[in-house]
Amino acid sequence: MNFKTYIEQLEIKITPLRQSILSILWKNKSPVKAYTILEQLSKTKQNAKPPTVYRVLDFLIGNGIVHKISSIQSYTLCQKPQEHTDSELLMICNRCSQVTEVIEPVMTALIEKLTTENHFVTKEKSIEITGLCSRCYSLK
Ligand SMILES: [Zn+2]
Ligand SMILES: [Zn+2]
């Protein structure tokens with residue numbers, strides 16, 4: 001898939017700023033920190049400010065297009081924006097930071113069941129685990 005095809009399948013209005021931020025995330029193969037996004041954005045948009053970047057990121061996160069990876073304080077594009085229910089398993093490689101995303105309805109249902117049983121209200125339903133990706137594991 002190329003970038004054009006990727007953004008065409010998204011069900012949001014693509015403003016120039018959203019497109020720039022999506023493109024930065026697309027070009028970086030691994031998760032990106034907010035200040036790196038800002039730094040790369042300021043090459044083309046001199047007046048880019050942190051609140052602007054955070055607002056766009058929050059919007060994209062809210063629409064399931066970008067995932068925030070809390071454990072490394074970085075952002076990554078959703079690999080399966082069309083398949084989203086509401087939970088995903090993000091496998092983060094400790095060595096190369098590559099993220100592999102898995103969506104599994106059984107897992108979503110289990111999280112729903114367990115959070116409901118424990119009267120726990122959450123909007124954030126992704127699970128992050130760290131380890132080594134297959135490429136890094138074979139280089140070990
Ligand atoms: Zn996703
Ligand atoms: Zn790796």
# chains A, B, ... in the order shown; residues from 1 in each chain; ligands from 1

call {"tool": "residues_around", "arguments": {"residues": "segment 29-43 of chain A", "least_positions_apart": "5", "cutoff": "12 Å", "atoms": "only C-alpha atoms", "output": "MDAnalysis selection string"}}
result
chainID A and resid 16:24 48:58 66:79 90:100

call {"tool": "select_by_dssp", "arguments": {"residues": "segment 31-132 of chain A", "states": "helix (DSSP H, G or I)", "output": "VMD selection string"}}
result
chain A and resid 34 to 41 50 to 62 70 to 72 105 to 117

call {"tool": "write_last_selection", "arguments": {"atoms": "C-alpha atoms", "output": "CSV table (one decimal), in the first residue's frame"}}
result
chain,number,residue,atom,x,y,z
A,34,ALA,CA,5.8,14.2,19.5
A,35,TYR,CA,8.8,16.5,19.4
A,36,THR,CA,10.2,14.6,16.4
A,37,ILE,CA,6.9,15.1,14.6
A,38,LEU,CA,7.1,18.8,15.5
A,39,GLU,CA,10.7,19.1,14.3
A,40,GLN,CA,9.9,17.4,11.0
A,41,LEU,CA,6.7,19.4,10.6
A,50,PRO,CA,3.1,21.9,20.0
A,51,PRO,CA,-0.6,22.4,20.9
A,52,THR,CA,-1.4,22.2,17.2
A,53,VAL,CA,0.4,18.9,16.8
A,54,TYR,CA,-1.2,17.5,20.0
A,55,ARG,CA,-4.6,18.5,18.8
A,56,VAL,CA,-4.2,16.7,15.5
A,57,LEU,CA,-2.7,13.7,17.2
A,58,ASP,CA,-5.6,13.5,19.7
A,59,PHE,CA,-8.0,13.7,16.8
A,60,LEU,CA,-6.3,10.9,14.9
A,61,ILE,CA,-6.0,8.8,18.1
A,62,GLY,CA,-9.8,9.3,18.7
A,70,SER,CA,2.4,5.0,26.3
A,71,SER,CA,5.4,2.8,27.3
A,72,ILE,CA,7.7,4.6,24.9
A,105,PRO,CA,-12.2,-10.1,18.7
A,106,VAL,CA,-11.8,-12.7,21.4
A,107,MET,CA,-9.3,-10.4,23.2
A,108,THR,CA,-11.6,-7.4,22.8
A,109,ALA,CA,-14.5,-9.4,24.3
A,110,LEU,CA,-12.3,-10.6,27.2
A,111,ILE,CA,-11.2,-7.1,28.0
A,112,GLU,CA,-14.8,-5.9,27.9
A,113,LYS,CA,-15.8,-8.7,30.2
A,114,LEU,CA,-13.0,-8.2,32.7
A,115,THR,CA,-13.3,-4.4,32.9
A,116,THR,CA,-17.1,-4.7,33.3
A,117,GLU,CA,-16.7,-7.3,36.1

call {"tool": "select_by_dssp", "arguments": {"residues": "segment 71-137 of chain A", "states": "strand (DSSP E or B)", "output": "PyMOL selection string"}}
result
chain A and resi 74-77+89-93+99-102+127-131

call {"tool": "closest_residue", "arguments": {"among": "A:Leu10, A:Gln46, A:Phe3, A:Glu124", "to": "Trp26 of chain A", "atoms": "only C-alpha atoms"}}
result
A:Phe3

call {"tool": "closest_residue", "arguments": {"among": "A:Leu132, A:Ile14, A:Leu139, A:Gln82", "to": "ligand 2", "atoms": "only C-alpha atoms and all ligand atoms"}}
result
A:Leu132

call {"tool": "closest_residue", "arguments": {"among": "A:Ile127, A:Ile103, A:Cys136, A:Val121", "to": "ligand 1", "atoms": "only C-alpha atoms and all ligand atoms"}}
result
A:Ile103

call {"tool": "closest_residue", "arguments": {"among": "A:Arg135, A:Asp86, A:Lys123, A:Glu128", "to": "ligand 1", "atoms": "only C-alpha atoms and all ligand atoms"}}
result
A:Asp86

call {"tool": "atom_distance", "arguments": {"atom1": "atom CA of Glu83 of chain A", "atom2": "atom 1 (Zn, counted along the ligand's line) of ligand 2"}}
result
24.2 Å
